[in-house]
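Containing mmCIF, C-alpha atoms; chains and numbers go by the auth columns: run.cif.
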data_query
#
loop_
_atom_site.group_PDB
_atom_site.id
_atom_site.type_symbol
_atom_site.label_atom_id
_atom_site.label_comp_id
_atom_site.label_asym_id
_atom_site.label_seq_id
_atom_site.Cartn_x
_atom_site.Cartn_y
_atom_site.Cartn_z
_atom_site.B_iso_or_equiv
_atom_site.auth_seq_id
_atom_site.auth_asym_id
ATOM 1 C CA GLU A 1 46.137 -39.794 109.750 0.00 885 A
ATOM 2 C CA PRO A 2 46.436 -36.602 107.696 0.00 886 A
ATOM 3 C CA GLU A 3 45.202 -36.852 104.132 0.00 887 A
ATOM 4 C CA VAL A 4 45.493 -35.037 100.842 0.00 888 A
ATOM 5 C CA THR A 5 42.045 -33.762 99.937 0.00 889 A
ATOM 6 C CA GLN A 6 40.837 -32.835 96.474 0.00 890 A
ATOM 7 C CA THR A 7 37.765 -30.945 95.330 0.00 891 A
ATOM 8 C CA PRO A 8 35.520 -31.360 93.500 0.00 892 A
ATOM 9 C CA SER A 9 35.359 -35.140 93.199 0.00 893 A
ATOM 10 C CA HIS A 10 33.786 -34.790 89.755 0.00 894 A
ATOM 11 C CA GLN A 11 33.922 -31.786 87.433 0.00 895 A
ATOM 12 C CA VAL A 12 31.976 -31.539 84.185 0.00 896 A
ATOM 13 C CA THR A 13 33.010 -28.714 81.851 0.00 897 A
ATOM 14 C CA GLN A 14 32.263 -27.622 78.311 0.00 898 A
ATOM 15 C CA MET A 15 35.155 -27.845 75.854 0.00 899 A
ATOM 16 C CA GLY A 16 37.028 -24.565 75.664 0.00 900 A
ATOM 17 C CA GLN A 17 36.137 -23.515 79.187 0.00 901 A
ATOM 18 C CA GLU A 18 38.633 -22.943 81.967 0.00 902 A
ATOM 19 C CA VAL A 19 38.672 -25.319 84.910 0.00 903 A
ATOM 20 C CA ILE A 20 40.429 -25.157 88.282 0.00 904 A
ATOM 21 C CA LEU A 21 41.083 -28.302 90.272 0.00 905 A
ATOM 22 C CA ARG A 22 41.790 -27.821 93.943 0.00 906 A
ATOM 23 C CA CYS A 23 43.943 -29.724 96.385 0.00 907 A
ATOM 24 C CA VAL A 24 44.818 -29.335 100.038 0.00 908 A
ATOM 25 C CA PRO A 25 48.126 -31.143 100.620 0.00 909 A
ATOM 26 C CA ILE A 26 49.205 -32.470 104.000 0.00 910 A
ATOM 27 C CA SER A 27 50.085 -29.451 106.073 0.00 911 A
ATOM 28 C CA ASN A 28 53.791 -30.031 106.776 0.00 912 A
ATOM 29 C CA HIS A 29 54.637 -31.329 103.309 0.00 913 A
ATOM 30 C CA LEU A 30 56.965 -29.353 101.098 0.00 914 A
ATOM 31 C CA TYR A 31 56.669 -30.953 97.664 0.00 915 A
ATOM 32 C CA PHE A 32 53.466 -30.976 95.639 0.00 916 A
ATOM 33 C CA TYR A 33 52.547 -32.824 92.484 0.00 917 A
ATOM 34 C CA TRP A 34 49.823 -33.239 89.920 0.00 918 A
ATOM 35 C CA TYR A 35 49.252 -36.442 87.982 0.00 919 A
ATOM 36 C CA ARG A 36 46.579 -37.533 85.574 0.00 920 A
ATOM 37 C CA GLN A 37 45.149 -40.922 84.692 0.00 921 A
ATOM 38 C CA ILE A 38 43.175 -41.267 81.494 0.00 922 A
ATOM 39 C CA LEU A 39 40.560 -43.997 81.810 0.00 923 A
ATOM 40 C CA GLY A 40 42.178 -47.404 81.392 0.00 924 A
ATOM 41 C CA GLN A 41 45.692 -46.003 81.183 0.00 925 A
ATOM 42 C CA LYS A 42 48.570 -45.588 83.606 0.00 926 A
ATOM 43 C CA VAL A 43 49.093 -42.641 85.898 0.00 927 A
ATOM 44 C CA GLU A 44 51.197 -39.908 84.246 0.00 928 A
ATOM 45 C CA PHE A 45 53.281 -37.211 85.876 0.00 929 A
ATOM 46 C CA LEU A 46 52.291 -33.623 85.073 0.00 930 A
ATOM 47 C CA VAL A 47 54.209 -31.273 87.338 0.00 931 A
ATOM 48 C CA SER A 48 56.032 -30.923 90.624 0.00 932 A
ATOM 49 C CA PHE A 49 56.107 -27.777 92.761 0.00 933 A
ATOM 50 C CA TYR A 50 58.532 -26.788 95.490 0.00 934 A
ATOM 51 C CA ASN A 51 59.396 -23.537 97.212 0.00 935 A
ATOM 52 C CA ASN A 52 56.625 -21.691 95.377 0.00 936 A
ATOM 53 C CA GLU A 53 57.770 -22.604 91.917 0.00 937 A
ATOM 54 C CA ILE A 54 57.565 -25.402 89.399 0.00 938 A
ATOM 55 C CA SER A 55 60.421 -27.878 89.875 0.00 939 A
ATOM 56 C CA GLU A 56 59.781 -30.119 86.919 0.00 940 A
ATOM 57 C CA LYS A 57 57.074 -30.649 84.345 0.00 941 A
ATOM 58 C CA SER A 58 56.334 -33.242 81.702 0.00 942 A
ATOM 59 C CA GLU A 59 55.624 -32.673 78.031 0.00 943 A
ATOM 60 C CA ILE A 60 51.930 -33.036 78.850 0.00 944 A
ATOM 61 C CA PHE A 61 52.080 -29.872 80.955 0.00 945 A
ATOM 62 C CA ASP A 62 51.904 -27.331 78.122 0.00 946 A
ATOM 63 C CA ASP A 63 50.912 -23.661 78.130 0.00 947 A
ATOM 64 C CA GLN A 64 47.279 -24.554 78.778 0.00 948 A
ATOM 65 C CA PHE A 65 48.208 -25.756 82.266 0.00 949 A
ATOM 66 C CA SER A 66 49.274 -23.748 85.277 0.00 950 A
ATOM 67 C CA VAL A 67 49.653 -24.396 88.981 0.00 951 A
ATOM 68 C CA GLU A 68 49.426 -22.116 91.971 0.00 952 A
ATOM 69 C CA ARG A 69 49.739 -22.208 95.693 0.00 953 A
ATOM 70 C CA PRO A 70 47.609 -19.138 96.379 0.00 954 A
ATOM 71 C CA ASP A 71 47.767 -19.399 100.161 0.00 955 A
ATOM 72 C CA GLY A 72 49.428 -21.609 102.758 0.00 956 A
ATOM 73 C CA SER A 73 47.149 -24.568 102.231 0.00 957 A
ATOM 74 C CA ASN A 74 45.733 -24.841 98.713 0.00 958 A
ATOM 75 C CA PHE A 75 47.449 -26.125 95.580 0.00 959 A
ATOM 76 C CA THR A 76 45.545 -25.662 92.338 0.00 960 A
ATOM 77 C CA LEU A 77 45.776 -26.904 88.779 0.00 961 A
ATOM 78 C CA LYS A 78 44.234 -24.686 86.110 0.00 962 A
ATOM 79 C CA ILE A 79 43.481 -25.753 82.576 0.00 963 A
ATOM 80 C CA ARG A 80 42.862 -22.628 80.505 0.00 964 A
ATOM 81 C CA SER A 81 40.929 -23.899 77.501 0.00 965 A
ATOM 82 C CA THR A 82 39.897 -27.496 77.992 0.00 966 A
ATOM 83 C CA LYS A 83 39.975 -30.083 75.226 0.00 967 A
ATOM 84 C CA LEU A 84 38.141 -33.391 74.975 0.00 968 A
ATOM 85 C CA GLU A 85 41.411 -35.236 75.578 0.00 969 A
ATOM 86 C CA ASP A 86 41.799 -33.510 78.948 0.00 970 A
ATOM 87 C CA SER A 87 39.095 -35.817 80.295 0.00 971 A
ATOM 88 C CA ALA A 88 40.843 -37.875 82.970 0.00 972 A
ATOM 89 C CA MET A 89 41.271 -38.438 86.664 0.00 973 A
ATOM 90 C CA TYR A 90 43.588 -35.829 88.131 0.00 974 A
ATOM 91 C CA PHE A 91 45.505 -36.730 91.265 0.00 975 A
ATOM 92 C CA CYS A 92 47.256 -34.346 93.612 0.00 976 A
ATOM 93 C CA ALA A 93 50.091 -35.651 95.800 0.00 977 A
ATOM 94 C CA SER A 94 52.440 -34.268 98.402 0.00 978 A
ATOM 95 C CA ASN A 95 55.395 -35.389 100.450 0.00 979 A
ATOM 96 C CA LEU A 96 58.417 -34.482 102.475 0.00 980 A
ATOM 97 C CA SER A 97 61.661 -34.901 100.616 0.00 981 A
ATOM 98 C CA GLU A 98 62.418 -38.583 101.145 0.00 982 A
ATOM 99 C CA GLN A 99 59.000 -39.926 102.036 0.00 983 A
ATOM 100 C CA PRO A 100 56.420 -41.669 99.837 0.00 984 A
ATOM 101 C CA GLN A 101 54.044 -39.344 98.073 0.00 985 A
ATOM 102 C CA HIS A 102 50.582 -39.243 99.568 0.00 986 A
ATOM 103 C CA PHE A 103 47.840 -39.103 96.981 0.00 987 A
ATOM 104 C CA GLY A 104 44.398 -37.600 97.141 0.00 988 A
ATOM 105 C CA ASP A 105 41.407 -39.517 95.799 0.00 989 A
ATOM 106 C CA GLY A 106 41.398 -37.478 92.619 0.00 990 A
ATOM 107 C CA THR A 107 39.065 -35.264 90.640 0.00 991 A
ATOM 108 C CA ARG A 108 37.319 -36.858 87.703 0.00 992 A
ATOM 109 C CA LEU A 109 37.287 -34.250 84.919 0.00 993 A
ATOM 110 C CA SER A 110 34.788 -34.789 82.123 0.00 994 A
ATOM 111 C CA ILE A 111 34.966 -32.499 79.101 0.00 995 A
ATOM 112 C CA LEU A 112 31.829 -32.315 76.961 0.00 996 A
ATOM 113 C CA LYS B 1 62.916 -43.192 78.194 0.00 556 B
ATOM 114 C CA ASN B 2 61.960 -44.294 81.695 0.00 557 B
ATOM 115 C CA GLN B 3 59.584 -47.260 81.621 0.00 558 B
ATOM 116 C CA VAL B 4 57.946 -49.613 84.077 0.00 559 B
ATOM 117 C CA GLU B 5 56.391 -52.848 82.858 0.00 560 B
ATOM 118 C CA GLN B 6 54.177 -55.048 84.992 0.00 561 B
ATOM 119 C CA SER B 7 52.880 -58.576 84.656 0.00 562 B
ATOM 120 C CA PRO B 8 50.446 -60.121 84.639 0.00 563 B
ATOM 121 C CA GLN B 9 47.977 -57.484 83.472 0.00 564 B
ATOM 122 C CA SER B 10 45.239 -59.158 85.505 0.00 565 B
ATOM 123 C CA LEU B 11 45.041 -61.997 87.971 0.00 566 B
ATOM 124 C CA ILE B 12 42.179 -63.878 89.589 0.00 567 B
ATOM 125 C CA ILE B 13 42.790 -65.946 92.706 0.00 568 B
ATOM 126 C CA LEU B 14 40.738 -67.576 95.423 0.00 569 B
ATOM 127 C CA GLU B 15 40.587 -66.126 98.899 0.00 570 B
ATOM 128 C CA GLY B 16 43.358 -67.453 101.111 0.00 571 B
ATOM 129 C CA LYS B 17 45.749 -68.169 98.241 0.00 572 B
ATOM 130 C CA ASN B 18 49.098 -66.486 97.678 0.00 573 B
ATOM 131 C CA CYS B 19 50.152 -64.599 94.569 0.00 574 B
ATOM 132 C CA THR B 20 53.180 -62.814 93.140 0.00 575 B
ATOM 133 C CA LEU B 21 53.142 -59.766 90.900 0.00 576 B
ATOM 134 C CA GLN B 22 56.107 -58.783 88.734 0.00 577 B
ATOM 135 C CA CYS B 23 57.668 -55.466 87.765 0.00 578 B
ATOM 136 C CA ASN B 24 60.538 -54.678 85.377 0.00 579 B
ATOM 137 C CA TYR B 25 61.881 -51.173 85.022 0.00 580 B
ATOM 138 C CA THR B 26 64.303 -49.046 83.062 0.00 581 B
ATOM 139 C CA VAL B 27 64.504 -45.860 85.100 0.00 582 B
ATOM 140 C CA SER B 28 67.578 -43.757 85.596 0.00 583 B
ATOM 141 C CA PRO B 29 68.931 -42.388 87.822 0.00 584 B
ATOM 142 C CA PHE B 30 67.175 -44.801 90.166 0.00 585 B
ATOM 143 C CA SER B 31 66.064 -43.474 93.527 0.00 586 B
ATOM 144 C CA ASN B 32 63.605 -45.989 94.900 0.00 587 B
ATOM 145 C CA LEU B 33 60.831 -48.402 93.976 0.00 588 B
ATOM 146 C CA ARG B 34 57.375 -48.390 95.483 0.00 589 B
ATOM 147 C CA TRP B 35 54.368 -50.601 95.276 0.00 590 B
ATOM 148 C CA TYR B 36 51.023 -48.857 95.483 0.00 591 B
ATOM 149 C CA LYS B 37 47.534 -50.269 95.899 0.00 592 B
ATOM 150 C CA GLN B 38 44.778 -48.429 94.059 0.00 593 B
ATOM 151 C CA ASP B 39 41.195 -49.247 94.839 0.00 594 B
ATOM 152 C CA THR B 40 38.654 -48.383 92.156 0.00 595 B
ATOM 153 C CA GLY B 41 37.881 -44.666 92.229 0.00 596 B
ATOM 154 C CA ARG B 42 40.542 -43.893 94.840 0.00 597 B
ATOM 155 C CA GLY B 43 44.042 -42.510 94.795 0.00 598 B
ATOM 156 C CA PRO B 44 47.065 -44.816 95.055 0.00 599 B
ATOM 157 C CA VAL B 45 48.167 -45.793 98.548 0.00 600 B
ATOM 158 C CA SER B 46 51.776 -46.696 99.280 0.00 601 B
ATOM 159 C CA LEU B 47 52.445 -50.289 100.427 0.00 602 B
ATOM 160 C CA THR B 48 56.238 -50.489 100.409 0.00 603 B
ATOM 161 C CA ILE B 49 59.202 -48.403 99.373 0.00 604 B
ATOM 162 C CA MET B 50 62.671 -49.797 98.700 0.00 605 B
ATOM 163 C CA THR B 51 65.942 -48.119 97.935 0.00 606 B
ATOM 164 C CA PHE B 52 68.831 -49.470 95.876 0.00 607 B
ATOM 165 C CA SER B 53 70.416 -51.309 98.799 0.00 608 B
ATOM 166 C CA GLU B 54 67.285 -53.114 99.994 0.00 609 B
ATOM 167 C CA ASN B 55 66.447 -56.593 98.692 0.00 610 B
ATOM 168 C CA THR B 56 63.224 -57.251 100.524 0.00 611 B
ATOM 169 C CA LYS B 57 60.690 -55.389 102.595 0.00 612 B
ATOM 170 C CA SER B 58 57.509 -56.549 104.251 0.00 613 B
ATOM 171 C CA ASN B 59 54.336 -54.770 105.259 0.00 614 B
ATOM 172 C CA GLY B 60 51.970 -57.235 106.872 0.00 615 B
ATOM 173 C CA ARG B 61 50.898 -59.748 104.240 0.00 616 B
ATOM 174 C CA TYR B 62 52.751 -57.839 101.515 0.00 617 B
ATOM 175 C CA THR B 63 56.404 -58.655 100.780 0.00 618 B
ATOM 176 C CA ALA B 64 58.289 -56.792 98.086 0.00 619 B
ATOM 177 C CA THR B 65 61.635 -57.820 96.609 0.00 620 B
ATOM 178 C CA LEU B 66 64.067 -55.794 94.550 0.00 621 B
ATOM 179 C CA ASP B 67 66.923 -56.943 92.340 0.00 622 B
ATOM 180 C CA ALA B 68 68.671 -53.746 91.321 0.00 623 B
ATOM 181 C CA ASP B 69 71.068 -55.607 89.030 0.00 624 B
ATOM 182 C CA THR B 70 68.343 -57.082 86.850 0.00 625 B
ATOM 183 C CA LYS B 71 65.993 -54.157 87.529 0.00 626 B
ATOM 184 C CA GLN B 72 63.180 -56.383 88.649 0.00 627 B
ATOM 185 C CA SER B 73 60.825 -56.301 91.582 0.00 628 B
ATOM 186 C CA SER B 74 58.050 -58.513 92.827 0.00 629 B
ATOM 187 C CA LEU B 75 55.178 -58.108 95.254 0.00 630 B
ATOM 188 C CA HIS B 76 54.074 -61.232 97.073 0.00 631 B
ATOM 189 C CA ILE B 77 50.699 -61.293 98.783 0.00 632 B
ATOM 190 C CA THR B 78 50.086 -64.082 101.262 0.00 633 B
ATOM 191 C CA ALA B 79 46.752 -65.415 102.480 0.00 634 B
ATOM 192 C CA SER B 80 44.783 -63.133 100.176 0.00 635 B
ATOM 193 C CA GLN B 81 41.600 -61.465 101.356 0.00 636 B
ATOM 194 C CA LEU B 82 38.612 -60.154 99.440 0.00 637 B
ATOM 195 C CA SER B 83 39.731 -56.619 100.300 0.00 638 B
ATOM 196 C CA ASP B 84 42.971 -57.214 98.408 0.00 639 B
ATOM 197 C CA SER B 85 41.020 -56.857 95.163 0.00 640 B
ATOM 198 C CA ALA B 86 42.546 -53.745 93.594 0.00 641 B
ATOM 199 C CA SER B 87 45.097 -52.561 91.073 0.00 642 B
ATOM 200 C CA TYR B 88 48.697 -52.968 92.269 0.00 643 B
ATOM 201 C CA ILE B 89 51.010 -50.462 90.717 0.00 644 B
ATOM 202 C CA CYS B 90 54.784 -50.565 90.599 0.00 645 B
ATOM 203 C CA VAL B 91 56.219 -47.060 90.701 0.00 646 B
ATOM 204 C CA VAL B 92 59.868 -46.231 90.219 0.00 647 B
ATOM 205 C CA SER B 93 61.310 -42.954 91.381 0.00 648 B
ATOM 206 C CA ALA B 94 64.113 -41.098 89.634 0.00 649 B
ATOM 207 C CA ILE B 95 65.876 -38.046 90.907 0.00 650 B
ATOM 208 C CA PHE B 96 65.280 -34.963 88.819 0.00 651 B
ATOM 209 C CA SER B 97 68.362 -33.307 87.395 0.00 652 B
ATOM 210 C CA SER B 98 67.669 -30.346 89.640 0.00 653 B
ATOM 211 C CA GLY B 99 67.722 -32.696 92.650 0.00 654 B
ATOM 212 C CA SER B 100 64.737 -30.909 94.064 0.00 655 B
ATOM 213 C CA ALA B 101 62.119 -33.609 93.792 0.00 656 B
ATOM 214 C CA ARG B 102 61.425 -37.141 92.635 0.00 657 B
ATOM 215 C CA GLN B 103 59.778 -38.022 89.356 0.00 658 B
ATOM 216 C CA LEU B 104 57.585 -41.084 89.552 0.00 659 B
ATOM 217 C CA THR B 105 57.163 -43.434 86.613 0.00 660 B
ATOM 218 C CA PHE B 106 54.099 -45.616 86.966 0.00 661 B
ATOM 219 C CA GLY B 107 53.492 -49.091 85.640 0.00 662 B
ATOM 220 C CA SER B 108 50.116 -49.949 84.174 0.00 663 B
ATOM 221 C CA GLY B 109 49.269 -52.046 87.203 0.00 664 B
ATOM 222 C CA THR B 110 48.123 -55.586 87.810 0.00 665 B
ATOM 223 C CA GLN B 111 44.399 -55.853 88.407 0.00 666 B
ATOM 224 C CA LEU B 112 43.965 -58.427 91.169 0.00 667 B
ATOM 225 C CA THR B 113 40.591 -60.011 91.834 0.00 668 B
ATOM 226 C CA VAL B 114 40.160 -62.194 94.904 0.00 669 B
ATOM 227 C CA LEU B 115 37.149 -64.478 94.786 0.00 670 B
ATOM 228 C CA PRO B 116 35.460 -66.085 97.779 0.00 671 B
#
Would you encode the structure as structure tokens?
Amino acid sequence: EPEVTQTPSHQVTQMGQEVILRCVPISNHLYFYWYRQILGQKVEFLVSFYNNEISEKSEIFDDQFSVERPDGSNFTLKIRSTKLEDSAMYFCASNLSEQPQHFGDGTRLSIL
Amino acid sequence: KNQVEQSPQSLIILEGKNCTLQCNYTVSPFSNLRWYKQDTGRGPVSLTIMTFSENTKSNGRYTATLDADTKQSSLHITASQLSDSASYICVVSAIFSSGSARQLTFGSGTQLTVLP
């Protein structure tokens, strides 16, 4: 069964540095999402992406965040200047319009 | 504000027993309700998805119910197995104003532990 894959599985970064989290959604999916889950808390929506542009974003997704689909397969989340509170598990998801979102196994981001 | 509340927060049962997890939501405009299973260190995996008109849906040993009037859902697990130990998350989908995608609101999950 096709899967959403995310790399790296764990990313350690110094505060203030830029970080790029990478995702390869399922190949025929059209909608792409990023979520985050701070340790011990619920999963939170960050952003959705469709037709090469952001569809919706939450208040968490401020100017420090950006997303790109640089080629036909990758979907990236960039955090420009990381803060301690950005430490979390970041999940990528994708789906067709009416189908359940398929989630990757996440990237654990640790900011030092 | 869209919210999803789950109970209990955690549950411990013996292998072979049944259990029921609860979910209450205030999400609008409602699109559908999903139950996800999240193993430790993994991404959520969809178990069931129900739309407004569906009252019950089964997936093997998992049976989900939905009461759209009271905005409540339950997930019943029968004949539990050790591998059922995980966090079970109720997720309610709303349609974005643009209509282009679905926004998911996650509950905090019920941490289920199945003991031998």
Stretch 970-985 of chain A, all listed atoms, 5 Å padding on each side: what axis-aligned box centre and edge lengths in Å to one decimal come out, as JSON?
{"center_x": 50.8, "center_y": -37.6, "center_z": 90.7, "size_x": 33.3, "size_y": 18.2, "size_z": 33.5}
- Task: Taking only C-alpha atoms into account, report as a ChimeraX atom specification which residues of chain A lie within 6 Å of chain B.
- Result: /A:926-927,987-989
**Request:** Figure out the distance between atom CA of A:Gln921 and atom CA of A:Met899, please, to one decimal in Å.
**Result:**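 Between atom CA of A:Met899 and atom CA of A:Gln921 the gap works out to 18.7 Å.
Here the question is which of B:Thr668, B:Thr625, B:Thr611, B:Ser583 gets nearest to B:Asp639 using all atoms listed in the file, and that residue is B:Thr668.
Closest approach to A:Phe929 from the set B:Cys574, B:Ser628, B:Val647, B:Ser635 is made by B:Val647, with distances taken over all atoms listed in the file.
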Can you give me N, CA, C and O atoms for stretch 962-977 of chain A, written as a compact mmCIF listing (two decimals), keeping the file's coordinate frame?
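Okay, this is what ended up in result-v9.txt:
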# COMPACT_ATOMS: atom_id res chain seq x y z
N LYS A 962 45.15 -25.36 87.02
CA LYS A 962 44.23 -24.69 86.11
C LYS A 962 44.49 -25.15 84.68
O LYS A 962 45.64 -25.23 84.25
N ILE A 963 43.41 -25.47 84.01
CA ILE A 963 43.48 -25.75 82.58
C ILE A 963 42.73 -24.63 81.88
O ILE A 963 41.53 -24.45 82.12
N ARG A 964 43.41 -23.88 81.03
CA ARG A 964 42.86 -22.63 80.50
C ARG A 964 41.73 -22.85 79.51
O ARG A 964 40.69 -22.25 79.61
N SER A 965 41.92 -23.66 78.55
CA SER A 965 40.93 -23.90 77.50
C SER A 965 40.86 -25.40 77.29
O SER A 965 41.67 -25.98 76.56
N THR A 966 39.91 -26.04 77.95
CA THR A 966 39.90 -27.50 77.99
C THR A 966 39.60 -28.12 76.63
O THR A 966 38.85 -27.55 75.81
N LYS A 967 40.20 -29.29 76.42
CA LYS A 967 39.98 -30.08 75.23
C LYS A 967 39.37 -31.42 75.64
O LYS A 967 39.45 -31.84 76.79
N LEU A 968 38.76 -32.10 74.67
CA LEU A 968 38.14 -33.39 74.97
C LEU A 968 39.15 -34.35 75.60
O LEU A 968 38.83 -35.10 76.54
N GLU A 969 40.38 -34.30 75.10
CA GLU A 969 41.41 -35.24 75.58
C GLU A 969 41.94 -34.90 76.98
O GLU A 969 42.76 -35.64 77.52
N ASP A 970 41.45 -33.81 77.55
CA ASP A 970 41.80 -33.51 78.95
C ASP A 970 40.95 -34.31 79.93
O ASP A 970 41.20 -34.29 81.13
N SER A 971 39.94 -34.99 79.42
CA SER A 971 39.10 -35.82 80.30
C SER A 971 39.96 -36.91 80.93
O SER A 971 40.59 -37.71 80.23
N ALA A 972 39.98 -36.93 82.24
CA ALA A 972 40.84 -37.88 82.97
C ALA A 972 40.58 -37.72 84.46
O ALA A 972 39.85 -36.83 84.89
N MET A 973 41.22 -38.58 85.22
CA MET A 973 41.27 -38.44 86.66
C MET A 973 42.54 -37.67 86.98
O MET A 973 43.61 -38.02 86.48
N TYR A 974 42.43 -36.62 87.77
CA TYR A 974 43.59 -35.83 88.13
C TYR A 974 43.88 -36.03 89.62
O TYR A 974 43.01 -35.80 90.47
N PHE A 975 45.10 -36.47 89.89
CA PHE A 975 45.50 -36.73 91.26
C PHE A 975 46.51 -35.68 91.72
O PHE A 975 47.45 -35.36 91.01
N CYS A 976 46.30 -35.20 92.94
CA CYS A 976 47.26 -34.35 93.61
C CYS A 976 48.02 -35.22 94.60
O CYS A 976 47.46 -36.17 95.17
N ALA A 977 49.29 -34.92 94.82
CA ALA A 977 50.09 -35.65 95.80
C ALA A 977 51.03 -34.68 96.50
O ALA A 977 51.35 -33.62 95.97
